[in-house]
file work-v8.txt (compact mmCIF, C-alpha atoms)
# COMPACT_ATOMS: atom_id res chain seq x y z
CA MET A 1 -17.10 8.47 19.24
CA MET A 2 -20.08 6.45 20.38
CA ASP A 3 -19.88 4.10 23.33
CA PRO A 4 -18.93 0.57 22.33
CA VAL A 5 -21.78 -1.94 22.33
CA ILE A 6 -19.49 -4.58 23.81
CA ARG A 7 -16.48 -3.98 26.02
CA MET A 8 -14.59 -6.71 27.84
CA GLU A 9 -11.51 -5.90 29.89
CA GLY A 10 -9.17 -8.21 31.77
CA VAL A 11 -11.73 -11.02 31.81
CA ARG A 12 -10.56 -14.29 33.34
CA LYS A 13 -12.35 -17.52 33.99
CA LYS A 14 -10.68 -20.63 35.27
CA TYR A 15 -11.96 -24.16 34.85
CA ARG A 16 -10.16 -27.33 35.82
CA TYR A 17 -8.78 -28.05 32.35
CA PHE A 18 -9.30 -24.73 30.62
CA ALA A 19 -8.89 -21.06 31.36
CA LEU A 20 -9.86 -17.85 29.61
CA ASP A 21 -6.96 -15.51 30.16
CA ASN A 22 -7.14 -11.72 30.15
CA ILE A 23 -9.80 -11.39 27.45
CA ALA A 24 -10.25 -7.85 26.12
CA LEU A 25 -12.37 -6.84 23.17
CA GLU A 26 -14.48 -3.97 21.94
CA LEU A 27 -17.24 -3.77 19.34
CA GLN A 28 -18.45 -0.43 17.98
CA PRO A 29 -22.07 0.20 16.93
CA GLY A 30 -22.88 -0.60 13.30
CA GLN A 31 -20.24 -3.31 12.99
CA ILE A 32 -20.09 -7.07 12.66
CA MET A 33 -17.45 -8.91 14.63
CA GLY A 34 -16.50 -12.46 13.75
CA LEU A 35 -15.05 -14.53 16.56
CA ILE A 36 -12.86 -17.28 15.16
CA GLY A 37 -10.68 -19.97 16.64
CA PRO A 38 -10.29 -23.73 16.71
CA ASN A 39 -12.57 -26.06 18.66
CA GLY A 40 -12.20 -25.58 22.39
CA ALA A 41 -10.46 -22.21 22.00
CA GLY A 42 -12.92 -20.39 24.27
CA LYS A 43 -15.35 -18.83 21.76
CA SER A 44 -18.50 -20.15 23.42
CA THR A 45 -17.26 -19.40 26.94
CA THR A 46 -16.52 -15.82 25.87
CA ILE A 47 -20.03 -15.50 24.44
CA ARG A 48 -21.59 -17.00 27.57
CA ILE A 49 -19.76 -14.50 29.74
CA LEU A 50 -21.00 -11.69 27.49
CA MET A 51 -24.56 -12.94 27.94
CA GLY A 52 -24.21 -13.32 31.72
CA LEU A 53 -24.77 -17.08 31.44
CA VAL A 54 -21.31 -17.76 32.87
CA HIS A 55 -19.87 -15.46 35.53
CA GLN A 56 -16.26 -14.35 35.06
CA ASP A 57 -13.82 -14.74 37.97
CA GLN A 58 -12.32 -11.35 37.18
CA GLY A 59 -12.65 -8.44 34.80
CA ASP A 60 -15.17 -5.94 33.54
CA VAL A 61 -17.87 -6.80 30.97
CA ARG A 62 -20.24 -4.22 29.55
CA VAL A 63 -22.84 -4.94 26.92
CA LEU A 64 -24.93 -2.02 25.61
CA GLY A 65 -23.71 -0.14 28.67
CA TYR A 66 -25.00 -2.75 31.12
CA ARG A 67 -22.61 -4.39 33.55
CA MET A 68 -22.63 -8.15 33.11
CA PRO A 69 -23.66 -10.35 34.76
CA ALA A 70 -25.20 -7.93 37.34
CA GLU A 71 -27.53 -6.12 34.90
CA GLN A 72 -28.21 -9.00 32.54
CA ILE A 73 -31.99 -8.89 32.90
CA ALA A 74 -32.19 -5.31 31.64
CA ALA A 75 -29.62 -6.01 28.92
CA LYS A 76 -31.44 -9.00 27.50
CA TRP A 77 -34.38 -6.93 26.27
CA GLU A 78 -32.06 -5.45 23.68
CA ILE A 79 -29.91 -8.47 22.83
CA GLY A 80 -30.90 -11.25 20.45
CA PHE A 81 -28.99 -14.37 21.44
CA ALA A 82 -28.97 -17.68 19.60
CA SER A 83 -26.84 -20.73 20.15
CA GLU A 84 -26.85 -24.39 19.17
CA ASP A 85 -28.11 -25.61 22.52
CA MET A 86 -31.24 -23.42 22.56
CA ARG A 87 -34.27 -25.64 22.53
CA LEU A 88 -37.58 -24.93 20.90
CA TYR A 89 -40.68 -26.87 21.99
CA GLY A 90 -40.85 -29.94 19.77
CA ALA A 91 -44.61 -30.37 20.06
CA MET A 92 -45.33 -26.76 19.09
CA THR A 93 -45.38 -25.12 15.67
CA VAL A 94 -43.13 -22.38 14.32
CA ARG A 95 -46.14 -20.03 14.43
CA TRP A 96 -46.73 -20.79 18.14
CA HIS A 97 -43.11 -19.80 18.89
CA MET A 98 -43.48 -16.61 16.87
CA ASP A 99 -46.62 -15.62 18.80
CA PHE A 100 -44.91 -16.43 22.08
CA ILE A 101 -41.87 -14.24 21.38
CA ARG A 102 -44.12 -11.51 19.97
CA SER A 103 -46.12 -11.41 23.22
CA ILE A 104 -42.92 -10.78 25.19
CA TYR A 105 -40.99 -8.34 22.98
CA PRO A 106 -42.80 -5.15 21.95
CA ARG A 107 -40.37 -4.44 19.06
CA TRP A 108 -41.36 -7.65 17.24
CA ASP A 109 -41.73 -6.87 13.52
CA GLU A 110 -44.43 -9.16 12.14
CA LYS A 111 -43.97 -8.01 8.54
CA TYR A 112 -40.27 -8.82 8.70
CA ALA A 113 -41.06 -12.17 10.36
CA GLN A 114 -43.37 -13.06 7.45
CA LEU A 115 -40.67 -12.08 4.97
CA LEU A 116 -38.12 -14.25 6.78
CA LEU A 117 -40.53 -17.23 6.75
CA LYS A 118 -40.66 -16.92 2.99
CA ARG A 119 -36.93 -16.34 2.51
CA PHE A 120 -35.98 -19.23 4.79
CA GLY A 121 -38.58 -21.50 3.17
CA LEU A 122 -40.23 -22.29 6.51
CA ASN A 123 -43.82 -23.46 6.95
CA PRO A 124 -45.22 -21.75 10.09
CA GLU A 125 -47.73 -24.54 10.71
CA GLN A 126 -45.06 -27.21 10.97
CA ARG A 127 -44.15 -28.64 14.38
CA ILE A 128 -40.56 -28.19 15.51
CA LYS A 129 -40.00 -31.94 15.97
CA GLY A 130 -40.65 -32.48 12.26
CA LEU A 131 -38.02 -29.94 11.15
CA SER A 132 -34.54 -30.73 9.85
CA HIS A 133 -31.46 -29.38 11.65
CA GLY A 134 -31.15 -26.54 9.14
CA GLN A 135 -34.82 -25.59 9.47
CA ARG A 136 -34.48 -25.49 13.28
CA VAL A 137 -31.45 -23.23 13.04
CA LYS A 138 -33.33 -20.96 10.65
CA SER A 139 -36.40 -20.91 12.94
CA THR A 140 -34.25 -19.94 15.92
CA LEU A 141 -32.63 -17.14 13.92
CA LEU A 142 -36.01 -15.92 12.65
CA LEU A 143 -37.19 -15.62 16.25
CA VAL A 144 -34.24 -13.41 17.25
CA LEU A 145 -34.06 -11.42 14.01
CA ALA A 146 -37.74 -10.41 14.01
CA ARG A 147 -37.30 -8.91 17.48
CA CYS A 148 -35.00 -6.32 15.85
CA PRO A 149 -32.59 -6.22 18.80
CA ARG A 150 -29.81 -3.60 18.88
CA LEU A 151 -27.26 -6.35 19.34
CA LEU A 152 -27.24 -9.87 17.94
CA VAL A 153 -25.01 -12.44 19.61
CA LEU A 154 -24.89 -15.66 17.64
CA ASP A 155 -22.90 -18.71 18.63
CA GLU A 156 -22.04 -20.71 15.49
CA PRO A 157 -25.07 -19.59 13.45
CA THR A 158 -23.98 -21.39 10.27
CA THR A 159 -22.62 -24.66 11.63
CA GLY A 160 -24.21 -27.71 10.06
CA LEU A 161 -26.04 -25.75 7.36
CA ASP A 162 -25.93 -26.54 3.65
CA PRO A 163 -24.43 -23.86 1.34
CA VAL A 164 -27.81 -22.44 0.33
CA ALA A 165 -29.00 -22.09 3.93
CA ARG A 166 -25.64 -20.57 4.94
CA HIS A 167 -25.96 -18.07 2.13
CA GLU A 168 -29.49 -17.09 3.27
CA ILE A 169 -28.35 -16.58 6.86
CA LEU A 170 -25.33 -14.48 5.83
CA ARG A 171 -27.55 -12.34 3.61
CA GLU A 172 -29.94 -11.62 6.48
CA LEU A 173 -27.07 -10.79 8.83
CA SER A 174 -25.62 -8.38 6.28
CA ALA A 175 -29.08 -6.84 5.77
CA VAL A 176 -29.30 -6.08 9.50
CA MET A 177 -26.32 -3.78 9.05
CA LYS A 178 -28.30 -1.36 6.87
CA ASP A 179 -29.32 0.07 10.23
CA GLU A 180 -26.11 1.64 11.50
CA GLY A 181 -27.27 1.54 15.11
CA ARG A 182 -27.24 -2.24 15.19
CA SER A 183 -24.34 -4.63 15.73
CA ILE A 184 -23.59 -8.32 15.51
CA LEU A 185 -21.11 -10.58 17.24
CA PHE A 186 -20.95 -14.10 15.90
CA SER A 187 -18.63 -17.03 16.35
CA SER A 188 -17.72 -19.48 13.65
CA HIS A 189 -15.00 -21.83 12.61
CA ASN A 190 -16.03 -21.27 9.04
CA THR A 191 -13.43 -18.74 7.97
CA HIS A 192 -15.24 -18.03 4.69
CA ASP A 193 -18.28 -16.70 6.58
CA VAL A 194 -16.11 -14.49 8.75
CA GLU A 195 -14.04 -13.24 5.81
CA GLN A 196 -17.20 -12.42 3.87
CA ILE A 197 -19.27 -10.39 6.31
CA SER A 198 -17.19 -9.21 9.29
CA ASP A 199 -15.81 -5.73 9.86
CA GLN A 200 -13.80 -6.87 12.87
CA ILE A 201 -12.01 -10.13 13.50
CA THR A 202 -11.20 -11.52 16.90
CA PHE A 203 -9.00 -14.55 16.89
CA ILE A 204 -9.00 -16.82 19.96
CA ASP A 205 -6.77 -19.81 20.64
CA ARG A 206 -6.37 -21.71 23.92
CA GLY A 207 -8.28 -19.16 25.94
CA ARG A 208 -6.25 -16.17 24.77
CA ILE A 209 -7.02 -13.47 22.22
CA ILE A 210 -4.29 -13.59 19.61
CA ASP A 211 -5.57 -10.71 17.50
CA SER A 212 -8.60 -8.43 17.55
CA MET A 213 -8.75 -5.82 14.82
CA ASP A 214 -10.22 -4.41 11.61
CA LYS A 215 -10.59 -7.24 9.07
CA GLU A 216 -9.07 -5.48 6.08
CA ALA A 217 -6.05 -4.33 8.07
CA TYR A 218 -5.69 -7.83 9.45
CA LEU A 219 -5.76 -9.55 6.06
CA ASP A 220 -3.37 -6.93 4.74
CA ARG A 221 -0.71 -7.71 7.33
CA TRP A 222 -0.33 -11.28 6.12
CA ARG A 223 1.60 -12.21 2.98
CA ARG A 224 3.24 -15.21 1.42
CA LEU A 225 6.55 -14.47 -0.30
CA ARG A 226 7.98 -16.82 -2.88
CA LEU A 227 11.72 -16.40 -3.29
CA GLU A 228 14.55 -17.68 -5.39
CA VAL A 229 17.64 -18.07 -3.23
CA PRO A 230 21.24 -18.39 -4.51
CA LEU A 231 22.92 -21.70 -3.60
CA GLY A 232 24.54 -21.62 -0.18
CA VAL A 233 22.47 -18.69 1.09
CA GLU A 234 20.16 -19.31 4.00
CA LEU A 235 17.35 -16.81 4.41
CA PRO A 236 17.56 -14.97 7.73
CA ALA A 237 14.59 -15.00 10.14
CA LEU A 238 13.46 -11.38 9.98
CA PRO A 239 11.02 -9.74 12.39
CA GLY A 240 7.50 -10.03 10.97
CA ILE A 241 8.25 -13.40 9.38
CA ILE A 242 6.75 -16.34 11.24
CA ASP A 243 7.68 -19.20 8.95
CA ILE A 244 10.31 -19.93 6.31
CA ARG A 245 10.43 -23.10 4.27
CA GLN A 246 13.50 -23.35 2.14
CA ASP A 247 14.20 -26.26 -0.15
CA GLY A 248 17.03 -26.04 -2.64
CA ARG A 249 16.92 -22.72 -4.46
CA LEU A 250 13.26 -22.00 -3.70
CA ALA A 251 11.76 -20.70 -0.48
CA VAL A 252 8.36 -19.69 0.83
CA ALA A 253 8.17 -17.22 3.72
CA THR A 254 5.01 -16.30 5.63
CA ALA A 255 4.78 -12.79 7.05
CA ASN A 256 2.30 -11.80 9.77
CA GLU A 257 3.46 -8.20 9.79
CA PHE A 258 4.31 -7.48 6.21
CA VAL A 259 6.00 -4.25 5.19
CA PRO A 260 7.69 -3.64 1.82
CA ASP A 261 11.03 -3.33 3.64
CA LEU A 262 10.85 -7.06 4.36
CA ALA A 263 11.02 -7.79 0.63
CA ASN A 264 13.95 -5.35 0.28
CA ALA A 265 15.77 -6.99 3.17
CA TYR A 266 15.52 -10.38 1.48
CA GLU A 267 16.65 -8.96 -1.85
CA ASN A 268 19.73 -7.60 -0.07
CA THR A 269 20.72 -11.16 0.85
CA GLY A 270 20.82 -11.92 -2.89
CA ALA A 271 17.40 -13.59 -3.04
CA ARG A 272 14.99 -12.73 -5.84
CA ILE A 273 11.31 -12.18 -5.05
CA GLN A 274 9.15 -14.24 -7.41
CA SER A 275 5.83 -13.18 -5.98
CA ILE A 276 4.16 -11.67 -2.95
CA GLU A 277 0.72 -13.15 -2.42
CA ASN A 278 -2.24 -12.27 -0.26
CA MET A 279 -3.60 -15.03 1.93
CA THR A 280 -7.14 -16.15 2.66
CA LEU A 281 -8.41 -16.04 6.22
CA GLU A 282 -8.34 -19.83 6.28
CA GLU A 283 -4.64 -19.92 5.40
CA ILE A 284 -3.98 -17.23 8.02
CA PHE A 285 -6.03 -19.18 10.57
CA VAL A 286 -3.91 -22.31 10.13
CA ALA A 287 -0.58 -20.44 10.03
CA ASN A 288 -1.54 -18.41 13.09
CA VAL A 289 -2.62 -21.37 15.21
CA GLU A 290 0.51 -23.35 14.27
CA HIS A 291 2.70 -20.36 15.06
CA SER A 292 1.08 -19.54 18.39
CA ARG A 293 1.39 -23.18 19.48
CA GLU A 294 5.07 -23.25 18.57
CA GLU A 295 5.61 -20.14 20.68
CA VAL A 296 3.75 -21.58 23.65
CA GLY A 297 5.67 -24.84 23.28
CA ALA A 298 9.04 -23.08 23.11
CA MET B 1 8.14 -28.79 -1.52
CA LEU B 2 5.28 -27.03 -3.27
CA VAL B 3 2.91 -24.58 -1.61
CA ILE B 4 -0.57 -24.12 -3.04
CA SER B 5 -2.20 -20.71 -2.64
CA GLN B 6 -5.92 -20.39 -1.92
CA SER B 7 -6.00 -16.76 -2.94
CA ASP B 8 -4.68 -17.71 -6.39
CA LYS B 9 -7.82 -17.95 -8.50
CA ARG B 10 -6.26 -20.33 -11.05
CA PRO B 11 -7.02 -24.05 -10.86
CA ILE B 12 -4.71 -26.02 -8.57
CA TYR B 13 -3.26 -28.16 -11.38
CA LEU B 14 -1.90 -25.00 -13.05
CA GLN B 15 -0.27 -23.93 -9.80
CA ILE B 16 1.35 -27.37 -9.47
CA MET B 17 2.62 -27.19 -13.07
CA GLU B 18 4.04 -23.72 -12.57
CA GLN B 19 5.85 -24.65 -9.38
CA ILE B 20 7.38 -27.80 -10.84
CA LYS B 21 8.58 -25.80 -13.84
CA ARG B 22 10.08 -23.22 -11.51
CA ARG B 23 11.93 -25.94 -9.62
CA ILE B 24 13.39 -27.17 -12.92
CA ALA B 25 14.13 -23.65 -14.17
CA VAL B 26 16.18 -22.69 -11.10
CA GLY B 27 18.15 -25.90 -11.45
CA ASP B 28 17.00 -27.72 -8.30
CA TRP B 29 15.70 -30.54 -10.46
CA ALA B 30 18.13 -31.34 -13.27
CA GLU B 31 17.52 -33.50 -16.36
CA GLY B 32 16.32 -36.96 -15.33
CA HIS B 33 15.55 -35.91 -11.73
CA PRO B 34 12.73 -38.08 -10.32
CA LEU B 35 9.43 -36.38 -9.43
CA PRO B 36 7.46 -37.39 -6.36
CA SER B 37 4.86 -40.03 -7.16
CA ILE B 38 1.41 -38.71 -8.01
CA ARG B 39 -0.02 -40.21 -4.83
CA GLN B 40 2.77 -38.86 -2.63
CA LEU B 41 2.38 -35.34 -3.98
CA ALA B 42 -1.43 -35.53 -3.61
CA VAL B 43 -0.97 -36.47 0.06
CA ASP B 44 1.66 -33.76 0.66
CA LEU B 45 -0.46 -31.00 -0.88
CA GLN B 46 -3.77 -32.34 0.45
CA VAL B 47 -5.32 -32.31 -2.99
CA SER B 48 -6.97 -35.08 -4.98
CA VAL B 49 -4.94 -37.59 -6.98
CA ILE B 50 -6.80 -36.62 -10.14
CA THR B 51 -5.59 -33.01 -9.80
CA VAL B 52 -1.92 -34.03 -9.57
CA LYS B 53 -2.42 -36.51 -12.40
CA ARG B 54 -3.77 -33.74 -14.59
CA ALA B 55 -0.73 -31.54 -13.84
CA TYR B 56 1.66 -34.39 -14.68
CA LEU B 57 -0.21 -35.20 -17.91
CA GLU B 58 -0.02 -31.59 -19.06
CA LEU B 59 3.67 -31.37 -18.14
CA GLU B 60 4.29 -34.51 -20.16
CA ARG B 61 2.38 -33.09 -23.12
CA GLU B 62 4.58 -29.99 -22.96
CA GLY B 63 7.68 -32.22 -22.96
CA VAL B 64 8.84 -31.13 -19.51
CA ILE B 65 8.60 -34.53 -17.83
CA ILE B 66 8.30 -38.14 -18.93
CA THR B 67 6.23 -40.77 -17.20
CA GLN B 68 7.01 -44.46 -17.57
CA GLN B 69 4.54 -47.12 -16.57
CA GLY B 70 5.61 -48.51 -13.18
CA LYS B 71 8.71 -46.32 -12.94
CA GLY B 72 7.12 -43.01 -12.13
CA SER B 73 7.92 -39.60 -13.61
CA ARG B 74 11.21 -37.83 -14.24
CA VAL B 75 12.32 -34.51 -15.63
CA THR B 76 12.94 -35.00 -19.35
CA ALA B 77 16.48 -35.93 -20.38
CA THR B 78 16.54 -33.15 -22.99
CA ALA B 79 19.66 -31.09 -22.26
CA GLY B 80 19.07 -27.53 -21.13
CA ILE B 81 15.43 -28.02 -20.12
CA GLY B 82 15.88 -25.56 -17.24
CA LEU B 83 17.15 -22.86 -19.52
CA LYS B 84 14.40 -23.61 -22.03
CA LEU B 85 11.77 -23.11 -19.32
CA GLN B 86 13.35 -19.83 -18.29
CA HIS B 87 13.16 -18.62 -21.87
CA GLU B 88 9.54 -19.72 -22.10
CA GLU B 89 8.85 -17.62 -19.01
CA LEU B 90 10.62 -14.65 -20.60
CA GLN B 91 8.65 -15.17 -23.81
CA LYS B 92 5.39 -15.01 -21.86
CA HIS B 93 6.40 -11.71 -20.27
CA LEU B 94 7.47 -10.30 -23.64
CA GLU B 95 4.14 -11.20 -25.19
CA GLN B 96 2.39 -9.41 -22.35
CA VAL B 97 4.55 -6.33 -22.82
CA ALA B 98 3.91 -6.35 -26.57
CA ARG B 99 0.16 -6.67 -26.08
CA LEU B 100 0.04 -3.86 -23.53
CA SER B 101 2.15 -1.63 -25.81
CA MET B 102 -0.22 -2.15 -28.72
CA LEU B 103 -3.13 -1.30 -26.43
CA LEU B 104 -1.42 1.94 -25.41
CA GLY B 105 -0.27 2.72 -28.96
CA VAL B 106 3.42 2.50 -28.05
CA LYS B 107 5.39 1.87 -31.25
CA PRO B 108 8.01 -0.99 -31.35
CA ARG B 109 10.82 1.51 -31.77
CA GLU B 110 9.79 3.41 -28.62
CA LEU B 111 9.33 0.12 -26.77
CA GLU B 112 12.85 -0.88 -27.74
CA SER B 113 14.42 2.28 -26.36
CA ARG B 114 12.36 2.10 -23.19
CA LEU B 115 13.42 -1.50 -22.62
CA ARG B 116 17.05 -0.50 -23.07
CA GLU B 117 16.56 2.30 -20.54
CA VAL B 118 15.05 -0.10 -17.98
CA SER B 119 17.93 -2.54 -18.54
CA ASP B 120 20.51 0.18 -18.08
CA ASN B 121 18.87 1.34 -14.88
CA ILE B 122 18.93 -2.15 -13.41
CA THR B 123 22.56 -2.71 -14.40
CA ALA B 124 23.52 0.63 -12.86
CA LYS B 125 21.64 -0.22 -9.65
CA GLU B 126 23.31 -3.58 -9.31
CA LYS B 127 26.77 -2.09 -9.77
CA SER B 128 26.23 0.46 -7.02

call {"tool": "encode", "arguments": {"input": "work-v8.txt", "output": "structure tokens"}}
result
Amino acid sequence: MMDPVIRMEGVRKKYRYFALDNIALELQPGQIMGLIGPNGAGKSTTIRILMGLVHQDQGDVRVLGYRMPAEQIAAKWEIGFASEDMRLYGAMTVRWHMDFIRSIYPRWDEKYAQLLLKRFGLNPEQRIKGLSHGQRVKSTLLLVLARCPRLLVLDEPTTGLDPVARHEILRELSAVMKDEGRSILFSSHNTHDVEQISDQITFIDRGRIIDSMDKEAYLDRWRRLRLEVPLGVELPALPGIIDIRQDGRLAVATANEFVPDLANAYENTGARIQSIENMTLEEIFVANVEHSREEVGA
Amino acid sequence: MLVISQSDKRPIYLQIMEQIKRRIAVGDWAEGHPLPSIRQLAVDLQVSVITVKRAYLELEREGVIITQQGKGSRVTATAGIGLKLQHEELQKHLEQVARLSMLLGVKPRELESRLREVSDNITAKEKS
């Protein structure tokens, strides 16, 4: 097994009104990890700690084998980082920025940069201040992509983009993965993006990691069961079921750890299974956040 | 209480229709039972009014519900509507079985005996 490109262990960071608590995650080379969670969950703070921009109070952070934040200068040669609050120079052109980055990073791939200009529909002679939000986001991504870094760390790369621009960005991110030595970590609250391209999903809420695992396995654990229940029978709360809504003779149960035995157990109470449905990541997102808040509240 | 599924690729109005029919078929909503107003259901399910309206229109066309101007919608007064819907459901499954059998070249006579076998198995299981 190769060394993980990202490893966080027991990471804590306390602010006055918010705390990251015991964050642990691992990303293997050649994989895309999607970091999802509601606003204010701690996605950006986690990414900033990874990049050495925020120093953790406790815990071990290694990125490409470098200890963060101590070895962040060496690490940053091999990491492409983009976030919303990165500023380009408004008075300068896209081309000027490309030449600037190219002069710093020896692995800059000019042919790829030209291709991206075309694919993103960007005019290199245009000044940054004249660009739309979407064009700025695409310019920023072009500048990190053309450096061909081993690890891309992208904070909300698709936020505020129209569907066509989102599609272009996702296609380029997937294309990066043709090279199995490269990896991507990106955050998003767009569950469709995460569902589409990630290999790993890490789910954060209120500063805690709720789940961090293989996407397919994760989606597979969740099911919605529709049941017909005889009058007078109340469905029992079984382990693995996080929500039951029963109304008259019909019920809908949500499972976060589905096994076929669950369906059998309900049938033994006299209920009839009408259907067992898969759920989209968005439905899981909402159910998961509601459930974790109920638990915290209890 | 209806629950719409995002992973279900069918249009939402069909899901609404199916779930209302199910509610009638199991007997939770008897003949003449009032349905939630179109607006109320749209709010509850977080879908557009036009989607719910479409579901109600189709249900009315199929004779499952009746809508009266200003009075809202009710399950039709036709006796045995629940049972009728259950039989419609059964009919749909039978048609699917028949189609699949033709595709596989299973003759009606063989289908008959296999159906009897399945029935017997279920009866035996439920007795035990």

call {"tool": "closest_residue", "arguments": {"input": "work-v8.txt", "among": "B:Arg109, B:Arg22, B:Arg54, B:Arg39", "to": "Lys84 of chain B", "atoms": "only C-alpha atoms"}}
result
B:Arg22

call {"tool": "closest_atom_pairs", "arguments": {"input": "work-v8.txt", "of": "chain B", "to": "chain A", "cutoff": "9 Å", "atoms": "only C-alpha atoms", "output": "CSV"}}
result
residue,atom,partner,partner_atom,distance
B:Met1,CA,A:Asp247,CA,6.7
B:Leu2,CA,A:Val252,CA,9.0
B:Val3,CA,A:Val252,CA,7.7
B:Ser5,CA,A:Met279,CA,7.4
B:Gln6,CA,A:Thr280,CA,6.4
B:Ser7,CA,A:Met279,CA,5.7
B:Asp8,CA,A:Glu277,CA,8.1
B:Arg22,CA,A:Leu250,CA,8.5
B:Arg23,CA,A:Leu250,CA,7.2
B:Val26,CA,A:Arg249,CA,6.7
B:Gly27,CA,A:Arg249,CA,7.8
B:Asp28,CA,A:Gly248,CA,5.9

call {"tool": "closest_residue", "arguments": {"input": "work-v8.txt", "among": "B:Ala124, B:Met17, B:Val97, B:Leu85", "to": "Glu112 of chain B", "atoms": "all atoms listed in the file"}}
result
B:Val97

call {"tool": "axis_aligned_box", "arguments": {"input": "work-v8.txt", "around": "segment 59-74 of chain A", "padding_each_side": "8 Å", "output": "lines of an AutoDock Vina configuration file"}}
result
center_x = -22.4
center_y = -5.2
center_z = 31.5
size_x = 35.5
size_y = 26.2
size_z = 27.7

call {"tool": "residues_around", "arguments": {"input": "work-v8.txt", "residues": "segment 68-71 of chain B", "least_positions_apart": "3", "cutoff": "12 Å", "atoms": "all atoms listed in the file", "output": "list in words"}}
result
Pro34, Leu35, Pro36, Ser37, Ile38, Tyr56, Leu57, Glu60, Ile65, Arg74, Val75 and Thr76 of chain B

call {"tool": "atom_distance", "arguments": {"input": "work-v8.txt", "atom1": "atom CA of Glu88 of chain B", "atom2": "atom CA of Trp29 of chain B"}}
result
17.0 Å

call {"tool": "residues_around", "arguments": {"input": "work-v8.txt", "residues": "Gln40 of chain B", "least_positions_apart": "3", "cutoff": "12 Å", "atoms": "only C-alpha atoms", "output": "mmCIF file with C-alpha atoms, keeping the file's coordinate frame"}}
result
data_model
loop_
_atom_site.group_PDB
_atom_site.id
_atom_site.type_symbol
_atom_site.label_atom_id
_atom_site.label_comp_id
_atom_site.auth_asym_id
_atom_site.auth_seq_id
_atom_site.Cartn_x
_atom_site.Cartn_y
_atom_site.Cartn_z
ATOM 1 C CA MET B 1 8.140 -28.790 -1.520
ATOM 2 C CA LEU B 35 9.430 -36.380 -9.430
ATOM 3 C CA PRO B 36 7.460 -37.390 -6.360
ATOM 4 C CA SER B 37 4.860 -40.030 -7.160
ATOM 5 C CA VAL B 43 -0.970 -36.470 0.060
ATOM 6 C CA ASP B 44 1.660 -33.760 0.660
ATOM 7 C CA LEU B 45 -0.460 -31.000 -0.880
ATOM 8 C CA GLN B 46 -3.770 -32.340 0.450
ATOM 9 C CA VAL B 47 -5.320 -32.310 -2.990
ATOM 10 C CA SER B 48 -6.970 -35.080 -4.980
ATOM 11 C CA VAL B 49 -4.940 -37.590 -6.980
ATOM 12 C CA VAL B 52 -1.920 -34.030 -9.570
ATOM 13 C CA LYS B 53 -2.420 -36.510 -12.400
ATOM 14 C CA GLY B 72 7.120 -43.010 -12.130
#

call {"tool": "residues_around", "arguments": {"input": "work-v8.txt", "residues": "segment 30-44 of chain A", "least_positions_apart": "2", "cutoff": "6 Å", "atoms": "only C-alpha atoms", "output": "list in words"}}
result
Thr46, Ile47, Glu180, Gly181, Arg182, Ser183, Ile184, Leu185, Phe186, Ser187, Ser188, His189, Val194, Ser198, Asp199, Gln200, Ile201, Thr202, Phe203, Ile204, Asp205, Arg206 and Gly207 of chain A

call {"tool": "write_last_selection", "arguments": {"input": "work-v8.txt", "atoms": "C-alpha atoms", "output": "compact mmCIF listing (two decimals), keeping the file's coordinate frame"}}
result
# COMPACT_ATOMS: atom_id res chain seq x y z
CA THR A 46 -16.52 -15.82 25.87
CA ILE A 47 -20.03 -15.50 24.44
CA GLU A 180 -26.11 1.64 11.50
CA GLY A 181 -27.27 1.54 15.11
CA ARG A 182 -27.24 -2.24 15.19
CA SER A 183 -24.34 -4.63 15.73
CA ILE A 184 -23.59 -8.32 15.51
CA LEU A 185 -21.11 -10.58 17.24
CA PHE A 186 -20.95 -14.10 15.90
CA SER A 187 -18.63 -17.03 16.35
CA SER A 188 -17.72 -19.48 13.65
CA HIS A 189 -15.00 -21.83 12.61
CA VAL A 194 -16.11 -14.49 8.75
CA SER A 198 -17.19 -9.21 9.29
CA ASP A 199 -15.81 -5.73 9.86
CA GLN A 200 -13.80 -6.87 12.87
CA ILE A 201 -12.01 -10.13 13.50
CA THR A 202 -11.20 -11.52 16.90
CA PHE A 203 -9.00 -14.55 16.89
CA ILE A 204 -9.00 -16.82 19.96
CA ASP A 205 -6.77 -19.81 20.64
CA ARG A 206 -6.37 -21.71 23.92
CA GLY A 207 -8.28 -19.16 25.94

call {"tool": "closest_residue", "arguments": {"input": "work-v8.txt", "among": "A:Ile284, A:Leu170, A:Leu225, A:Val5", "to": "Asp211 of chain A", "atoms": "all atoms listed in the file"}}
result
A:Ile284

call {"tool": "build_atoms", "arguments": {"input": "work-v8.txt", "residues": "segment 67-71 of chain A", "atoms": "N, CA and C atoms", "output": "CSV table (one decimal), in the coordinates of the input"}}
result
chain,number,residue,atom,x,y,z
A,67,ARG,N,-23.7,-3.6,33.0
A,67,ARG,CA,-22.6,-4.4,33.6
A,67,ARG,C,-23.1,-5.8,33.6
A,68,MET,N,-22.3,-6.7,33.1
A,68,MET,CA,-22.6,-8.2,33.1
A,68,MET,C,-21.7,-8.9,34.1
A,69,PRO,N,-22.3,-9.8,34.9
A,69,PRO,CA,-23.7,-10.4,34.8
A,69,PRO,C,-24.7,-9.6,35.6
A,70,ALA,N,-24.3,-8.6,36.4
A,70,ALA,CA,-25.2,-7.9,37.3
A,70,ALA,C,-26.5,-7.4,36.7
A,71,GLU,N,-26.3,-6.8,35.5
A,71,GLU,CA,-27.5,-6.1,34.9
A,71,GLU,C,-28.0,-6.9,33.7
